[in-house]
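Asks: Okay, handing you the structure first.
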Amino acid sequence: MSQALTKIINGKVITPGGMVESGSVVLSDGIIQSMGAGDLPAPGARTFNARGMYVSPGFIDLHVHGGGGFDFMDGHESAFLAIAETHARFGTTAMLPTTLTGSGEEILHTIATYERALPKNTQGAQFLGMHLEGPYFAMNQRGAQDPRYIRDPDPAEYRKILEKAHLIRRWSAAPELKGAIAFAHEAREKGVLVSMAHTDAIYEEALEGFNNGYTLATHLYSGMSGVTRRNAYRYAGVVEAAFLIDGMDVEIIADGVHLPAPLLQLVYKIKGAARTALITDAMRAAGMPEGDSVLGNIHHGLKVLVEDGVAKLPDRSAFAGSVATADRLVRTMIRKAGVTLPEAVRMMTATPASILGLGDRKGALAPGMDADIVIFDQDINVHATIIKGEWVYENK
């Protein structure tokens, strides 16, 4: 189907105001024109019968490294496009391609590759800007990030990278590092969202970070400090700071493996759907059979093993990345965290759109919004993905 007038009928339409049973959505030129109960008039429109399935805003993934056998760090345009197409099959209509810690030259090369891929990004999830994850991290919280490249913020380096700020949507770093506050100021001045990640900060350092621009907690619980004890005294960490600072947004890897059900429930109970975004944090094995894989660049990345629905280090001592897709995140929050379907969808749509400052055009089904739509059944199996009015995936 094309950008011509199109009407989706007979769907359970998920709207900001609630569920519209037997509703319809009319779209043209990449924009939602109207929506409501019943079969709305749209003379000459092509019609898609949702057959009683859910009609939802498209899923927005703030943090994704790869999928379909490719990683954004592979350094070629075809990897970017294949990843976008892979995740579109699972309902993702927009994403932030995410790097891993690497050399300044490798990060710049990845950004340059992204810029070349942008005009060709027509058949998969829409790119909304790069997410640079690292390299300014705490060594003790590096997780599967390559320790060779972990370092404190270097003004000469990040200023050169920030010359490409129009291509960068967010940057994750540890706020307690030497120079991390000055780095955040410069990134925010360039319009880049700054988030705290792979950090060993105590509460006071996290609060200072938040007050200076670190407004998002990257994959909460994963790669960050909780309560610690130093010389008999206990200190709250970044996890506690995220809970205590009302204005801090959080993202969670809701694959059901990285965080068990009680922690998913706790995050939802404290932060709520309006402050919690679901992310895949997926590596190249997302959408692929389990077995051996590589985290990061295909030529010099970290060898990992994918089993039990997650990537692990070869000795199985730690996780080494998610293989989740967006539909799995929504399904997990409903089944394991006891969240309602509309609230789970909100954490995958309206909340990430709001975090990115795009809530006026993405993340909800309403007239004037981008026609980014996913149609799925009661088990959150995706049957169609529509991006800016274009059918990019349909399970016939």
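So you can find residues: chains in the structure tokens are A, B, ... in the order shown, residues in each start at 1, and ligands are numbered from 1 in order.
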What lies within 8 Å of segment 347-354 of chain A using only C-alpha atoms, ignoring chain neighbours under 3 positions off, as a ChimeraX atom specification?

Replies: /A:57-62,273-279,326,330,343-344,357-359,362-364

Asks: Which residues in segment 179-256 of chain A does DSSP call strand (DSSP E)? List them as a PyMOL selection string.

Replies: chain A and resi 193-196+214-217+228-230+233-235+249-253

Asks: Pick out the closest residue to Leu295 of chain A from this set: A:Tyr268, A:Tyr214, A:Trp171, A:Phe319. Count only C-alpha atoms.

Replies: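 Using only C-alpha atoms, Leu295 of chain A sits closest to A:Phe319.
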
Asks: Give me the residues within 10 Å of segment 138-151 of chain A as a PyMOL selection string, counting only C-alpha atoms and dropping any in the same chain fewer than 4 places off.

Replies: chain A and resi 100-104+133-134+173-178+197-201+222-225+295-296+301-302+304+312-313+318-321

Asks: Interatomic distance between atom CA of Lys269 of chain A and atom CA of Gly309 of chain A?

Replies: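 Those two atoms sit 25.6 Å apart.
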
Asks: Using only C-alpha atoms, which residues of segment 44-130 of chain A come within 8 Å of segment 368-392 of chain A, and what is the closest atom pair for each, with the distance in Å to one decimal? Give it as CSV, sorted by chain and residue number.

Replies:
```
residue,atom,partner,partner_atom,distance
A:Ala50,CA,A:Ile375,CA,7.3
A:Met53,CA,A:Asp377,CA,4.9
A:Tyr54,CA,A:Phe376,CA,5.4
A:Val55,CA,A:Ile375,CA,4.7
A:Ser56,CA,A:Val374,CA,5.3
A:Pro57,CA,A:Ile373,CA,4.7
A:Gly58,CA,A:Ile373,CA,4.4
A:Phe59,CA,A:Val374,CA,7.5
A:Ala88,CA,A:Thr385,CA,6.5
A:Arg89,CA,A:Thr385,CA,6.9
A:Phe90,CA,A:Val382,CA,5.8
A:Gly91,CA,A:Val374,CA,5.5
A:Thr92,CA,A:Thr385,CA,7.7
A:Thr93,CA,A:Ile387,CA,5.7
A:Gln123,CA,A:Val392,CA,5.6
A:Gly124,CA,A:Val392,CA,6.4
A:Ala125,CA,A:Ile387,CA,7.3
A:Gln126,CA,A:Ile387,CA,7.5
```

Asks: Out of A:Pro262, A:Gly11, A:Pro119, A:Gly209, which residue has the shortest atom-to-atom distance to Phe48 of chain A when counting only C-alpha atoms?

Replies: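 Among the listed residues, A:Gly11 lies closest to Phe48 of chain A.
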
Asks: Restricting the calculation to only C-alpha atoms: of A:Leu193, A:Ile298, A:Ile252, A:Ala182, which residue gets closest to Ile168 of chain A?

Replies: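 With only C-alpha atoms as the atom set, the closest residue is A:Leu193.
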
Asks: Contacts of Phe70 of chain A at 6 Å or less, counting only C-alpha atoms, minus same-chain residues fewer than 3 places along, as a list of chain:residue names?

Replies: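 Final neighbour list, sorted by chain and number: A:Gly66, A:Gly67, A:Ala79, A:Arg284.
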
Asks: May I have the selected residues written with N, CA and C atoms, as an mmCIF file, in the first residue's frame?

Replies:
```cif
data_model
loop_
_atom_site.group_PDB
_atom_site.id
_atom_site.type_symbol
_atom_site.label_atom_id
_atom_site.label_comp_id
_atom_site.auth_asym_id
_atom_site.auth_seq_id
_atom_site.Cartn_x
_atom_site.Cartn_y
_atom_site.Cartn_z
ATOM 1 N N GLY A 66 21.678 -3.789 17.182
ATOM 2 C CA GLY A 66 21.708 -4.608 15.985
ATOM 3 C C GLY A 66 20.518 -5.536 15.886
ATOM 4 N N GLY A 67 20.604 -6.434 14.907
ATOM 5 C CA GLY A 67 19.553 -7.415 14.672
ATOM 6 C C GLY A 67 19.696 -7.993 13.276
ATOM 7 N N ALA A 79 24.332 -2.769 6.839
ATOM 8 C CA ALA A 79 24.050 -3.214 8.203
ATOM 9 C C ALA A 79 22.955 -2.349 8.815
ATOM 10 N N ARG A 284 23.259 -8.094 17.479
ATOM 11 C CA ARG A 284 23.024 -8.599 16.127
ATOM 12 C C ARG A 284 22.167 -9.868 16.081
#
```

Asks: Of the residues A:Ser22, A:Thr98, A:Asn395, A:Thr340, which is the one nearest to Phe127 of chain A, using only C-alpha atoms?

Replies: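 Ranking A:Ser22, A:Thr98, A:Asn395, A:Thr340 by distance to Phe127 of chain A, first place goes to A:Thr98.
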
Asks: Residues of segment 312-390 of chain A that approach segment 35-46 of chain A to 10 Å or less, counting only C-alpha atoms: could you list each one with the shortest pair of atoms and its distance in Å to one decimal, rows by chain and increasing residue number, as CSV?

Replies:
```
residue,atom,partner,partner_atom,distance
A:Leu365,CA,A:Met35,CA,8.0
A:Ala366,CA,A:Met35,CA,6.9
A:Pro367,CA,A:Met35,CA,7.0
```

Asks: Could you name the residues that touch Met333 of chain A at 8 Å or less, counting only C-alpha atoms, but leaving out those on the same chain fewer than 4 positions away, as a PyMOL selection string?

Replies: chain A and resi 254+264+329+337-339+344

Asks: Taking N, CA and C atoms for each residue, export the selection above as a PDB file, in the first residue's frame.

Replies:
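Result went into out-v7.pdb, see below:
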```
ATOM      1  N   ALA A 254      13.296  -4.869  29.057  1.00  0.00           N
ATOM      2  CA  ALA A 254      12.192  -5.692  29.560  1.00  0.00           C
ATOM      3  C   ALA A 254      12.057  -6.988  28.774  1.00  0.00           C
ATOM      4  N   LEU A 264      10.881  -5.567  37.427  1.00  0.00           N
ATOM      5  CA  LEU A 264      10.016  -4.907  36.453  1.00  0.00           C
ATOM      6  C   LEU A 264       8.816  -4.285  37.159  1.00  0.00           C
ATOM      7  N   LEU A 329       9.081  -7.100  24.474  1.00  0.00           N
ATOM      8  CA  LEU A 329       9.085  -6.214  25.632  1.00  0.00           C
ATOM      9  C   LEU A 329       7.664  -5.965  26.121  1.00  0.00           C
ATOM     10  N   ALA A 337       5.063  -8.521  34.530  1.00  0.00           N
ATOM     11  CA  ALA A 337       4.971  -7.375  35.434  1.00  0.00           C
ATOM     12  C   ALA A 337       3.526  -7.026  35.780  1.00  0.00           C
ATOM     13  N   GLY A 338       2.575  -7.680  35.108  1.00  0.00           N
ATOM     14  CA  GLY A 338       1.171  -7.425  35.411  1.00  0.00           C
ATOM     15  C   GLY A 338       0.680  -6.064  34.963  1.00  0.00           C
ATOM     16  N   VAL A 339       1.348  -5.462  33.985  1.00  0.00           N
ATOM     17  CA  VAL A 339       0.965  -4.151  33.470  1.00  0.00           C
ATOM     18  C   VAL A 339      -0.151  -4.325  32.442  1.00  0.00           C
ATOM     19  N   ALA A 344       1.567  -0.860  28.897  1.00  0.00           N
ATOM     20  CA  ALA A 344       2.766  -1.456  28.301  1.00  0.00           C
ATOM     21  C   ALA A 344       3.056  -0.815  26.944  1.00  0.00           C
TER      22      ALA A 344
END
```
